[in-house]
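File shown here: upload-v2.tsv, holding TSV, C-alpha atoms.
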```tsv
chain	number	residue	atom	x	y	z
S	1	MET	CA	124.62	0.67	-68.07
S	2	SER	CA	123.59	-1.93	-65.49
S	3	ALA	CA	125.80	-3.35	-62.76
S	4	TYR	CA	126.00	-6.60	-64.70
S	5	ASP	CA	127.15	-4.73	-67.83
S	6	VAL	CA	130.06	-3.30	-65.84
S	7	LEU	CA	130.84	-6.73	-64.34
S	8	PHE	CA	130.74	-8.35	-67.77
S	9	ARG	CA	133.03	-5.79	-69.40
S	10	GLN	CA	135.48	-5.55	-66.53
S	11	VAL	CA	135.60	-9.21	-65.45
S	12	PHE	CA	133.83	-11.82	-67.57
S	13	ALA	CA	134.88	-10.41	-70.96
S	14	ARG	CA	138.52	-10.69	-69.88
S	15	MET	CA	138.17	-14.30	-68.76
S	16	ASP	CA	138.35	-17.44	-70.85
S	17	PRO	CA	134.71	-17.92	-71.97
S	18	GLU	CA	134.44	-21.50	-70.76
S	19	ARG	CA	135.91	-20.60	-67.38
S	20	ALA	CA	133.45	-17.71	-67.09
S	21	HIS	CA	130.59	-20.08	-67.91
S	22	HIS	CA	131.65	-22.52	-65.20
S	23	LEU	CA	131.82	-19.65	-62.71
S	24	ALA	CA	128.29	-18.55	-63.64
S	25	VAL	CA	127.02	-22.12	-63.28
S	26	ALA	CA	128.62	-22.38	-59.84
S	27	VAL	CA	126.82	-19.22	-58.72
S	28	ILE	CA	123.48	-20.45	-60.04
S	29	ARG	CA	123.95	-23.83	-58.35
S	30	ALA	CA	124.65	-22.02	-55.09
S	31	ILE	CA	121.17	-20.43	-55.01
S	32	PRO	CA	119.34	-23.60	-53.86
S	33	ARG	CA	122.32	-24.85	-51.87
S	34	LEU	CA	122.09	-21.72	-49.74
S	35	GLY	CA	118.34	-22.21	-49.33
S	36	LEU	CA	117.57	-19.13	-51.43
S	37	ALA	CA	115.66	-20.68	-54.36
S	38	ALA	CA	112.15	-19.92	-53.07
S	39	LEU	CA	113.12	-16.39	-52.02
S	40	VAL	CA	114.71	-15.58	-55.39
S	41	ARG	CA	111.79	-17.11	-57.27
S	42	ARG	CA	109.36	-14.82	-55.44
S	43	ALA	CA	111.16	-11.89	-57.04
S	44	THR	CA	111.27	-13.45	-60.51
S	45	ARG	CA	107.97	-15.35	-60.63
S	46	PRO	CA	106.26	-14.97	-64.03
S	47	ASP	CA	102.85	-13.30	-64.12
S	48	PRO	CA	100.07	-15.94	-64.24
S	49	SER	CA	98.93	-14.49	-67.58
S	50	LEU	CA	102.09	-15.90	-69.20
S	51	ALA	CA	101.27	-19.55	-68.48
S	52	VAL	CA	101.25	-21.93	-71.45
S	53	GLU	CA	99.62	-25.36	-71.70
S	54	THR	CA	101.36	-27.59	-74.24
S	55	LEU	CA	102.88	-31.08	-74.43
S	56	ARG	CA	100.30	-32.01	-71.78
S	57	LEU	CA	102.35	-29.84	-69.40
S	58	HIS	CA	101.88	-26.52	-67.61
S	59	PHE	CA	104.62	-23.94	-68.26
S	60	ASP	CA	104.65	-20.90	-65.92
S	61	SER	CA	106.23	-18.86	-68.71
S	62	PRO	CA	106.78	-19.43	-72.43
S	63	PHE	CA	110.46	-18.54	-71.95
S	64	GLY	CA	113.02	-21.19	-71.05
S	65	VAL	CA	116.71	-22.07	-71.19
S	66	ALA	CA	117.94	-23.79	-74.34
S	67	ALA	CA	120.12	-26.89	-74.24
S	68	GLY	CA	123.82	-26.17	-73.85
S	69	PHE	CA	123.76	-24.12	-70.67
S	70	ASP	CA	123.13	-26.95	-68.21
S	71	LYS	CA	124.77	-29.94	-69.86
S	72	ASN	CA	124.77	-32.17	-66.79
S	73	ALA	CA	121.47	-31.24	-65.10
S	74	GLU	CA	123.29	-29.44	-62.30
S	75	SER	CA	121.56	-26.06	-62.35
S	76	ILE	CA	117.86	-26.79	-62.86
S	77	ARG	CA	116.70	-25.48	-59.47
S	78	GLY	CA	118.83	-22.36	-59.70
S	79	LEU	CA	117.61	-21.56	-63.21
S	80	TRP	CA	114.00	-22.01	-62.08
S	81	ALA	CA	114.72	-19.56	-59.26
S	82	LEU	CA	115.91	-16.98	-61.82
S	83	GLY	CA	112.51	-17.05	-63.54
S	84	PHE	CA	112.79	-19.50	-66.42
S	85	GLY	CA	109.67	-21.53	-67.20
S	86	HIS	CA	111.55	-24.57	-68.42
S	87	VAL	CA	115.10	-25.88	-68.55
S	88	GLU	CA	116.34	-28.11	-71.36
S	89	ILE	CA	119.39	-29.98	-70.08
S	90	GLY	CA	122.12	-31.49	-72.23
S	91	THR	CA	122.99	-32.28	-74.87
S	92	VAL	CA	123.41	-35.64	-73.14
S	93	THR	CA	124.94	-38.72	-74.76
S	94	ALA	CA	124.68	-42.37	-73.78
S	95	VAL	CA	128.48	-42.56	-73.42
S	96	PRO	CA	130.14	-39.94	-71.16
S	97	GLN	CA	132.59	-37.81	-73.14
S	98	GLU	CA	135.01	-34.92	-72.72
S	99	GLY	CA	134.03	-33.11	-75.89
S	100	ASN	CA	136.39	-31.35	-78.24
S	101	PRO	CA	139.82	-29.98	-77.22
S	102	ARG	CA	140.00	-26.53	-75.66
S	103	PRO	CA	139.69	-23.70	-76.48
S	104	ARG	CA	136.23	-24.45	-77.85
S	105	LEU	CA	134.09	-21.44	-76.85
S	106	PHE	CA	134.59	-17.94	-78.28
S	107	ARG	CA	132.76	-14.64	-77.76
S	108	LEU	CA	132.01	-12.24	-80.59
S	109	ILE	CA	131.09	-9.31	-78.34
S	110	GLU	CA	130.42	-6.81	-81.12
S	111	ASP	CA	127.82	-9.22	-82.50
S	112	ARG	CA	126.44	-10.34	-79.12
S	113	ALA	CA	127.23	-13.81	-80.36
S	114	VAL	CA	129.20	-16.93	-79.50
S	115	ILE	CA	131.00	-19.60	-81.53
S	116	ASN	CA	131.20	-22.98	-79.86
S	117	ARG	CA	132.56	-26.38	-80.78
S	118	MET	CA	132.02	-27.98	-77.39
S	119	GLY	CA	131.28	-31.41	-78.86
S	120	PHE	CA	128.60	-32.62	-76.42
S	121	ASN	CA	130.87	-32.63	-73.37
S	122	ASN	CA	128.82	-34.34	-70.64
S	123	ARG	CA	128.94	-37.01	-67.96
S	124	GLY	CA	126.53	-39.34	-69.69
S	125	ALA	CA	122.84	-40.13	-69.75
S	126	ALA	CA	122.83	-42.38	-66.68
S	127	ARG	CA	124.26	-39.69	-64.43
S	128	ALA	CA	122.02	-37.00	-65.91
S	129	ALA	CA	118.98	-39.20	-65.37
S	130	GLU	CA	119.71	-39.49	-61.66
S	131	ARG	CA	119.97	-35.71	-61.31
S	132	VAL	CA	116.80	-35.13	-63.30
S	133	ARG	CA	114.99	-37.72	-61.17
S	134	ARG	CA	115.85	-35.79	-58.01
S	135	GLU	CA	114.86	-32.44	-59.48
S	136	ALA	CA	111.61	-33.79	-60.92
S	137	ALA	CA	110.50	-34.77	-57.43
S	138	ARG	CA	110.57	-31.12	-56.28
S	139	ARG	CA	107.49	-28.91	-56.22
S	140	PRO	CA	107.23	-26.28	-57.52
S	141	ARG	CA	109.85	-26.56	-60.25
S	142	ALA	CA	110.62	-25.77	-63.86
S	143	ILE	CA	109.55	-28.11	-66.63
S	144	ILE	CA	112.57	-30.26	-67.47
S	145	GLY	CA	113.47	-31.24	-71.02
S	146	ALA	CA	116.29	-33.64	-71.83
S	147	ASN	CA	118.19	-33.04	-75.07
S	148	ILE	CA	119.86	-36.22	-76.36
S	149	GLY	CA	122.55	-36.60	-79.02
S	150	LYS	CA	124.92	-39.11	-80.59
S	151	SER	CA	127.97	-40.29	-78.66
S	152	ARG	CA	131.13	-39.41	-80.55
S	153	VAL	CA	132.58	-42.93	-80.28
S	154	VAL	CA	129.49	-44.41	-81.93
S	155	ALA	CA	129.44	-44.68	-85.72
S	156	VAL	CA	126.64	-42.93	-87.55
S	157	GLU	CA	125.29	-46.28	-88.75
S	158	ASP	CA	124.93	-47.33	-85.09
S	159	ALA	CA	123.33	-44.07	-83.96
S	160	ILE	CA	119.84	-45.51	-83.49
S	161	ASP	CA	120.83	-47.81	-80.64
S	162	ASP	CA	122.87	-45.01	-79.09
S	163	TYR	CA	119.90	-42.61	-79.04
S	164	ARG	CA	117.67	-45.44	-77.87
S	165	GLU	CA	119.84	-45.93	-74.77
S	166	SER	CA	119.70	-42.24	-73.83
S	167	ALA	CA	115.94	-42.19	-74.36
S	168	ARG	CA	115.50	-45.32	-72.24
S	169	LEU	CA	117.33	-43.66	-69.33
S	170	LEU	CA	115.88	-40.17	-69.54
S	171	ALA	CA	112.29	-40.60	-70.74
S	172	PRO	CA	111.03	-41.94	-67.37
S	173	VAL	CA	112.32	-38.88	-65.48
S	174	ALA	CA	112.19	-35.92	-67.90
S	175	ASP	CA	109.07	-33.99	-68.89
S	176	TYR	CA	110.03	-34.18	-72.57
S	177	LEU	CA	112.85	-35.40	-74.81
S	178	ALA	CA	114.53	-33.36	-77.54
S	179	VAL	CA	116.32	-35.34	-80.26
S	180	ASN	CA	119.38	-33.36	-81.34
S	181	VAL	CA	120.41	-34.23	-84.90
S	182	SER	CA	121.54	-30.71	-85.76
S	183	SER	CA	124.69	-29.75	-83.85
S	184	PRO	CA	127.62	-29.00	-86.19
S	185	ASN	CA	130.18	-30.20	-83.64
S	186	THR	CA	129.78	-33.99	-83.84
S	187	PRO	CA	131.03	-35.53	-87.11
S	188	GLY	CA	128.21	-36.94	-89.23
S	189	LEU	CA	125.45	-35.81	-86.88
S	190	ARG	CA	123.68	-33.41	-89.23
S	191	GLY	CA	123.41	-36.16	-91.82
S	192	LEU	CA	120.84	-37.74	-89.53
S	193	GLN	CA	118.41	-34.96	-90.55
S	194	ASP	CA	118.02	-36.72	-93.90
S	195	GLU	CA	114.52	-38.21	-93.86
S	196	ALA	CA	115.71	-41.72	-94.74
S	197	MET	CA	117.91	-41.79	-91.62
S	198	LEU	CA	115.79	-39.61	-89.37
S	199	GLY	CA	112.60	-41.66	-89.67
S	200	PRO	CA	113.95	-44.90	-88.15
S	201	LEU	CA	115.83	-42.96	-85.47
S	202	LEU	CA	112.68	-41.15	-84.38
S	203	ASP	CA	110.76	-44.43	-84.37
S	204	ALA	CA	113.32	-45.90	-81.96
S	205	VAL	CA	113.24	-42.89	-79.61
S	206	LEU	CA	109.44	-42.86	-79.62
S	207	GLU	CA	109.37	-46.54	-78.75
S	208	GLU	CA	111.59	-45.96	-75.70
S	209	ALA	CA	109.87	-42.71	-74.70
S	210	GLY	CA	106.44	-44.22	-74.15
S	211	THR	CA	104.13	-41.39	-73.06
S	212	THR	CA	106.92	-38.82	-72.67
S	213	PRO	CA	106.65	-36.15	-75.39
S	214	VAL	CA	109.40	-36.24	-78.03
S	215	LEU	CA	110.54	-33.27	-80.12
S	216	VAL	CA	113.23	-32.96	-82.78
S	217	LYS	CA	115.72	-30.07	-82.98
S	218	ILE	CA	116.71	-28.92	-86.46
S	219	ALA	CA	119.45	-26.77	-87.96
S	220	PRO	CA	118.96	-23.32	-89.47
S	221	ASP	CA	121.26	-24.31	-92.34
S	222	LEU	CA	118.72	-26.67	-93.89
S	223	ASP	CA	117.12	-25.19	-96.97
S	224	ASP	CA	113.45	-24.22	-96.73
S	225	GLU	CA	112.24	-27.39	-98.44
S	226	ALA	CA	114.22	-29.60	-96.07
S	227	VAL	CA	112.91	-27.66	-93.04
S	228	GLU	CA	109.35	-28.26	-94.23
S	229	GLY	CA	110.14	-31.92	-94.88
S	230	VAL	CA	111.47	-32.53	-91.36
S	231	ALA	CA	108.48	-30.71	-89.85
S	232	ARG	CA	106.02	-32.85	-91.80
S	233	LEU	CA	107.96	-35.99	-90.91
S	234	ALA	CA	107.78	-35.08	-87.22
S	235	VAL	CA	104.01	-34.80	-87.46
S	236	ALA	CA	103.68	-38.03	-89.47
S	237	LYS	CA	105.80	-39.96	-86.97
S	238	GLY	CA	103.75	-38.78	-84.03
S	239	LEU	CA	106.32	-36.49	-82.43
S	240	SER	CA	104.95	-33.84	-80.09
S	241	GLY	CA	106.89	-30.92	-81.51
S	242	VAL	CA	109.80	-29.31	-83.34
S	243	ILE	CA	112.57	-27.12	-81.91
S	244	ALA	CA	113.85	-24.54	-84.38
S	245	THR	CA	116.76	-23.89	-84.47
S	246	ASN	CA	120.22	-25.03	-83.46
S	247	THR	CA	123.40	-23.04	-84.12
S	248	THR	CA	124.58	-22.16	-87.63
S	249	ILE	CA	127.81	-22.86	-89.47
S	250	GLY	CA	127.29	-19.61	-91.42
S	251	ARG	CA	129.40	-16.50	-90.76
S	252	GLU	CA	127.62	-13.92	-92.91
S	253	GLY	CA	127.03	-10.31	-91.87
S	254	LEU	CA	129.16	-10.27	-88.72
S	255	ARG	CA	130.51	-7.01	-87.29
S	256	THR	CA	133.46	-8.66	-85.58
S	257	GLU	CA	136.74	-8.37	-87.50
S	258	ARG	CA	137.20	-11.23	-89.93
S	259	THR	CA	140.58	-12.15	-88.45
S	260	VAL	CA	138.96	-12.68	-85.05
S	261	VAL	CA	136.18	-14.80	-86.54
S	262	ASP	CA	138.65	-16.88	-88.55
S	263	ALA	CA	140.86	-17.36	-85.48
S	264	ALA	CA	137.89	-18.82	-83.60
S	265	GLY	CA	137.62	-21.49	-86.28
S	266	ALA	CA	134.92	-24.08	-86.80
S	267	GLY	CA	131.83	-24.41	-84.66
S	268	GLY	CA	128.25	-23.31	-84.30
S	269	LEU	CA	127.41	-19.61	-84.24
S	270	SER	CA	124.64	-18.50	-81.90
S	271	GLY	CA	123.25	-15.20	-80.72
S	272	ALA	CA	121.95	-12.08	-82.43
S	273	PRO	CA	123.21	-12.94	-85.97
S	274	LEU	CA	120.91	-15.98	-85.99
S	275	ARG	CA	117.78	-13.96	-85.28
S	276	ALA	CA	116.50	-13.45	-88.84
S	277	ARG	CA	117.01	-17.04	-90.00
S	278	ALA	CA	115.56	-18.50	-86.80
S	279	LEU	CA	112.43	-16.42	-87.36
S	280	GLU	CA	112.21	-17.57	-91.00
S	281	VAL	CA	112.53	-21.23	-89.99
S	282	LEU	CA	109.90	-20.78	-87.29
S	283	ARG	CA	107.43	-19.48	-89.87
S	284	ILE	CA	108.17	-22.34	-92.27
S	285	VAL	CA	107.69	-24.93	-89.53
S	286	ARG	CA	104.51	-23.34	-88.23
S	287	ALA	CA	103.01	-23.34	-91.73
S	288	ALA	CA	103.81	-27.04	-92.13
S	289	VAL	CA	102.32	-28.36	-88.87
S	290	PRO	CA	98.87	-28.29	-87.25
S	291	ALA	CA	97.83	-25.13	-85.42
S	292	ASP	CA	98.00	-26.80	-82.00
S	293	TYR	CA	101.37	-28.46	-82.63
S	294	CYS	CA	104.20	-27.46	-80.27
S	295	VAL	CA	106.91	-25.40	-81.94
S	296	ILE	CA	109.77	-24.11	-79.79
S	297	SER	CA	111.69	-21.18	-81.26
S	298	VAL	CA	115.32	-20.58	-80.33
S	299	GLY	CA	118.08	-18.50	-81.88
S	300	GLY	CA	118.92	-14.82	-81.57
S	301	VAL	CA	116.45	-14.12	-78.75
S	302	ASP	CA	117.55	-11.22	-76.57
S	303	THR	CA	114.65	-9.03	-75.38
S	304	ALA	CA	111.01	-9.38	-74.38
S	305	GLU	CA	110.17	-7.89	-77.77
S	306	ASP	CA	112.08	-10.73	-79.45
S	307	VAL	CA	110.13	-13.31	-77.46
S	308	ALA	CA	106.83	-11.59	-78.24
S	309	GLU	CA	107.74	-11.55	-81.94
S	310	ARG	CA	108.35	-15.32	-81.89
S	311	LEU	CA	105.06	-15.97	-80.11
S	312	ALA	CA	103.23	-13.79	-82.61
S	313	ALA	CA	104.91	-15.72	-85.46
S	314	GLY	CA	103.54	-18.99	-84.11
S	315	ALA	CA	105.98	-20.22	-81.48
S	316	THR	CA	104.39	-22.11	-78.62
S	317	LEU	CA	107.47	-21.66	-76.41
S	318	VAL	CA	110.71	-19.71	-76.80
S	319	GLN	CA	114.21	-20.57	-75.59
S	320	GLY	CA	117.38	-18.56	-75.16
S	321	TYR	CA	120.97	-19.11	-74.12
S	322	THR	CA	123.58	-16.84	-75.69
S	323	ALA	CA	122.03	-13.56	-74.54
S	324	PHE	CA	122.17	-14.93	-70.97
S	325	LEU	CA	125.94	-14.39	-71.17
S	326	TYR	CA	125.44	-10.73	-72.08
S	327	ARG	CA	122.34	-9.95	-69.99
S	328	GLY	CA	123.17	-11.74	-66.75
S	329	PRO	CA	121.03	-13.31	-64.01
S	330	GLY	CA	118.18	-10.83	-64.32
S	331	TRP	CA	117.49	-11.80	-67.94
S	332	ALA	CA	114.53	-14.16	-67.47
S	333	ARG	CA	112.90	-11.78	-64.98
S	334	ALA	CA	113.21	-8.91	-67.47
S	335	ILE	CA	111.76	-11.06	-70.28
S	336	ASN	CA	108.80	-12.15	-68.16
S	337	ARG	CA	108.07	-8.61	-66.96
S	338	GLY	CA	108.30	-7.26	-70.48
S	339	LEU	CA	105.91	-9.89	-71.79
S	340	ALA	CA	103.41	-9.29	-69.00
S	341	ALA	CA	103.46	-5.56	-69.68
S	342	THR	CA	102.42	-6.00	-73.30
S	343	ALA	CA	99.17	-7.23	-74.78
S	344	PRO	CA	98.91	-11.02	-74.40
S	345	ALA	CA	100.46	-12.81	-77.35
S	346	ALA	CA	98.73	-15.76	-78.96
S	347	ARG	CA	99.91	-18.94	-77.25
S	348	VAL	CA	98.92	-22.52	-77.97
```
Output the structure of this file as structure tokens.
Amino acid sequence: MSAYDVLFRQVFARMDPERAHHLAVAVIRAIPRLGLAALVRRATRPDPSLAVETLRLHFDSPFGVAAGFDKNAESIRGLWALGFGHVEIGTVTAVPQEGNPRPRLFRLIEDRAVINRMGFNNRGAARAAERVRREAARRPRAIIGANIGKSRVVAVEDAIDDYRESARLLAPVADYLAVNVSSPNTPGLRGLQDEAMLGPLLDAVLEEAGTTPVLVKIAPDLDDEAVEGVARLAVAKGLSGVIATNTTIGREGLRTERTVVDAAGAGGLSGAPLRARALEVLRIVRAAVPADYCVISVGGVDTAEDVAERLAAGATLVQGYTAFLYRGPGWARAINRGLAATAPAARV
């Protein structure tokens, strides 16, 4: 058992999950503030053999942080120092919002999983854009993606202009945009994955994005035919990639007692229980898009072996978040070292 395992069980597991997350973010933000970013990065730097060229960008490692961890673009430098190759900030909305009422984040420790119904709590696209602008000026740095979603106060029928505003603000400063139409925690959002609604929305974001790559993030709860349909639509519209997948509303096969799961209530489930479906969706998407098309796999990733499995199944890049809570600050370093120690996986 590692020192972090003891710390997690004795301290973090006994804290309110959202409070524990804010404490972790504060520690990560402190790394560059104390002038330690370059020193820490020297200890976590990915092996050069792991570099990936995609989206017209150079990624030091195929492994990055999924959206949800750094909602307000506050921890980019610290996360880079810990060894991540890219950081996807957000989800960011055009209108600042508090998100859903607390409690809204729940651990399922036996499953190495989390249920969240955060509701896109963030300080808005304009503020995020200023932070991303400052971080983007640094060298070296992580690749920065900006994940954008629908503001809660905006009706679904007005979603296009809402996404357009976030894209207008963030496209000039981010390395890529991720269009989130798949979170279960904003009413009506997942309906935007329907092709009739998704097509015009993507057209609007692409228009604002200019030369900045645009990807779309999809839900694991779509059936296989719908997954393939969204992937083909992304290619047809000229998007640069697909991110598969978001959290799931499913609760099948959990080890945690049913009463505990039911008490947590509604929200998206992430972590180890999502692993099998995320891998299935990755394979469906990869089969539906060109060989050189960027596909980012996320969901249930825990170990270097998990990342290698996704790369072998056709992922261009891989993201994680939930296992960060269980593995601690050495997670990205362990993933990168594990990948470098194995035979090189096929990377686009």
Note to self: When you count all atoms listed in the file, which of these residues is closest to Gly265 of chain S: S:Leu105, S:Ala174, S:Met197, S:Val153?
What the structure shows: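 Result for the nearest residue to Gly265 of chain S: S:Leu105.
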Notebook entry, point to check: At most 10 Å from (116.4, -44.8, -82.3), file frame, only C-alpha atoms: which residues, as a list in words?
Noted result: Asp158, Ala159, Ile160, Asp161, Asp162, Tyr163, Arg164, Glu165, Ser166, Ala167, Val179, Met197, Leu198, Gly199, Pro200, Leu201, Leu202, Asp203, Ala204, Val205, Leu206, Glu207 and Glu208 of chain S
Next item on the list: For each of S:Ala266, S:Ile31, S:Leu192, S:Val132, take the minimum atom-to-atom distance to Val156 of chain S, counting all atoms listed in the file, then give the residue where this is smallest.
Entry: S:Leu192
Item checked: Distance in Å - atom CA of Tyr4 of chain S versus atom CA of Phe324 of chain S ->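 We find that atom CA of Tyr4 of chain S and atom CA of Phe324 of chain S lie 11.1 Å from each other.
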Box centre and edge lengths (Å, one decimal), axis-aligned, segment 282-295 of chain S plus 3 Å each side, as AutoDock Vina command-line options:
```
--center_x 103.9 --center_y -24.0 --center_z -86.3 --size_x 18.1 --size_y 15.0 --size_z 18.0
```
Margin query: Which residue is closest to Val242 of chain S? Choose from S:Ile296, S:Ala276, S:Val260, S:Val87 and count only C-alpha atoms.
Written below: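 Closest to Val242 of chain S, using only C-alpha atoms: S:Ile296.
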Note to self: Between atom CA of Gln193 of chain S and atom CA of Glu225 of chain S, what is the distance in Å, rounded to a tenth?
What the structure shows: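 We find that atom CA of Gln193 of chain S and atom CA of Glu225 of chain S lie 12.6 Å from each other.
If all atoms listed in the file are the atoms counted, then among S:His21, S:Lys150, S:Arg123, S:Lys237 the closest residue to Tyr321 of chain S is S:His21.
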Check: So how far away is atom CA of Asn336 of chain S from atom CA of Pro48 of chain S, in Å?
Finding: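 Rounded to one decimal, the two atoms are 10.3 Å apart.
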Quick one: contact table of segment 213-299 of chain S to segment 54-77 of chain S, 8 Å max, nearest atom pair and distance in Å to one decimal per residue, counting only C-alpha atoms, chain and number order, as JSON lines?
```
{"residue": "S:Pro213", "atom": "CA", "partner": "S:Leu55", "partner_atom": "CA", "distance": 6.4}
{"residue": "S:Ser240", "atom": "CA", "partner": "S:Leu55", "partner_atom": "CA", "distance": 6.6}
{"residue": "S:Cys294", "atom": "CA", "partner": "S:Thr54", "partner_atom": "CA", "distance": 6.7}
{"residue": "S:Val298", "atom": "CA", "partner": "S:Ala66", "partner_atom": "CA", "distance": 7.3}
```
Just-selected residues, C-alpha atoms written as a PDB file, in the frame of the given file:
```pdb
ATOM      1  CA  PRO S 213     106.650 -36.150 -75.390  1.00  0.00           C
ATOM      2  CA  SER S 240     104.950 -33.840 -80.090  1.00  0.00           C
ATOM      3  CA  CYS S 294     104.200 -27.460 -80.270  1.00  0.00           C
ATOM      4  CA  VAL S 298     115.320 -20.580 -80.330  1.00  0.00           C
TER       5      VAL S 298
END
```
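Nearest to Glu195 of chain S of all the residues S:Pro329, S:Gly229, S:Pro290, S:Gly253 is S:Gly229, counting all atoms listed in the file.
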Complete segment 251-267 of chain S at the level of N, CA, C and O atoms, written as a short mmCIF file (atom, residue, chain, number, x, y, z; two decimals), keeping the file's coordinate frame.
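Contents of selection_4.cif, as written:
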```cif
data_model
loop_
_atom_site.label_atom_id
_atom_site.label_comp_id
_atom_site.auth_asym_id
_atom_site.auth_seq_id
_atom_site.Cartn_x
_atom_site.Cartn_y
_atom_site.Cartn_z
N ARG S 251 128.66 -17.61 -91.37
CA ARG S 251 129.40 -16.50 -90.76
C ARG S 251 129.09 -15.17 -91.46
O ARG S 251 129.86 -14.22 -91.39
N GLU S 252 127.93 -15.09 -92.11
CA GLU S 252 127.62 -13.92 -92.91
C GLU S 252 127.17 -12.75 -92.04
O GLU S 252 126.50 -12.92 -91.03
N GLY S 253 127.55 -11.53 -92.47
CA GLY S 253 127.03 -10.31 -91.87
C GLY S 253 127.52 -9.99 -90.48
O GLY S 253 126.89 -9.21 -89.76
N LEU S 254 128.65 -10.53 -90.06
CA LEU S 254 129.16 -10.27 -88.72
C LEU S 254 129.89 -8.93 -88.65
O LEU S 254 130.55 -8.52 -89.61
N ARG S 255 129.80 -8.27 -87.51
CA ARG S 255 130.51 -7.01 -87.29
C ARG S 255 131.93 -7.25 -86.81
O ARG S 255 132.82 -6.42 -87.01
N THR S 256 132.14 -8.34 -86.11
CA THR S 256 133.46 -8.66 -85.58
C THR S 256 134.47 -8.77 -86.72
O THR S 256 134.15 -9.29 -87.79
N GLU S 257 135.69 -8.32 -86.47
CA GLU S 257 136.74 -8.37 -87.50
C GLU S 257 136.92 -9.81 -88.00
O GLU S 257 136.91 -10.76 -87.22
N ARG S 258 137.11 -9.91 -89.30
CA ARG S 258 137.20 -11.23 -89.93
C ARG S 258 138.35 -12.06 -89.35
O ARG S 258 138.24 -13.27 -89.21
N THR S 259 139.44 -11.41 -89.01
CA THR S 259 140.58 -12.15 -88.45
C THR S 259 140.21 -12.81 -87.13
O THR S 259 140.67 -13.91 -86.83
N VAL S 260 139.38 -12.13 -86.34
CA VAL S 260 138.96 -12.68 -85.05
C VAL S 260 138.03 -13.87 -85.27
O VAL S 260 138.15 -14.91 -84.61
N VAL S 261 137.12 -13.72 -86.23
CA VAL S 261 136.18 -14.80 -86.54
C VAL S 261 136.94 -16.02 -87.07
O VAL S 261 136.70 -17.16 -86.65
N ASP S 262 137.88 -15.78 -87.98
CA ASP S 262 138.65 -16.88 -88.55
C ASP S 262 139.51 -17.56 -87.49
O ASP S 262 139.68 -18.78 -87.51
N ALA S 263 140.03 -16.78 -86.55
CA ALA S 263 140.86 -17.36 -85.48
C ALA S 263 140.04 -18.27 -84.58
O ALA S 263 140.56 -19.26 -84.04
N ALA S 264 138.76 -17.95 -84.41
CA ALA S 264 137.89 -18.82 -83.60
C ALA S 264 137.72 -20.19 -84.24
O ALA S 264 137.61 -21.20 -83.56
N GLY S 265 137.68 -20.21 -85.56
CA GLY S 265 137.62 -21.49 -86.28
C GLY S 265 136.23 -22.07 -86.40
O GLY S 265 135.22 -21.36 -86.32
N ALA S 266 136.18 -23.38 -86.56
CA ALA S 266 134.92 -24.08 -86.80
C ALA S 266 134.06 -24.08 -85.55
O ALA S 266 134.53 -23.90 -84.43
N GLY S 267 132.76 -24.31 -85.78
CA GLY S 267 131.83 -24.41 -84.66
C GLY S 267 130.51 -23.77 -85.01
O GLY S 267 130.33 -23.20 -86.09
#
```
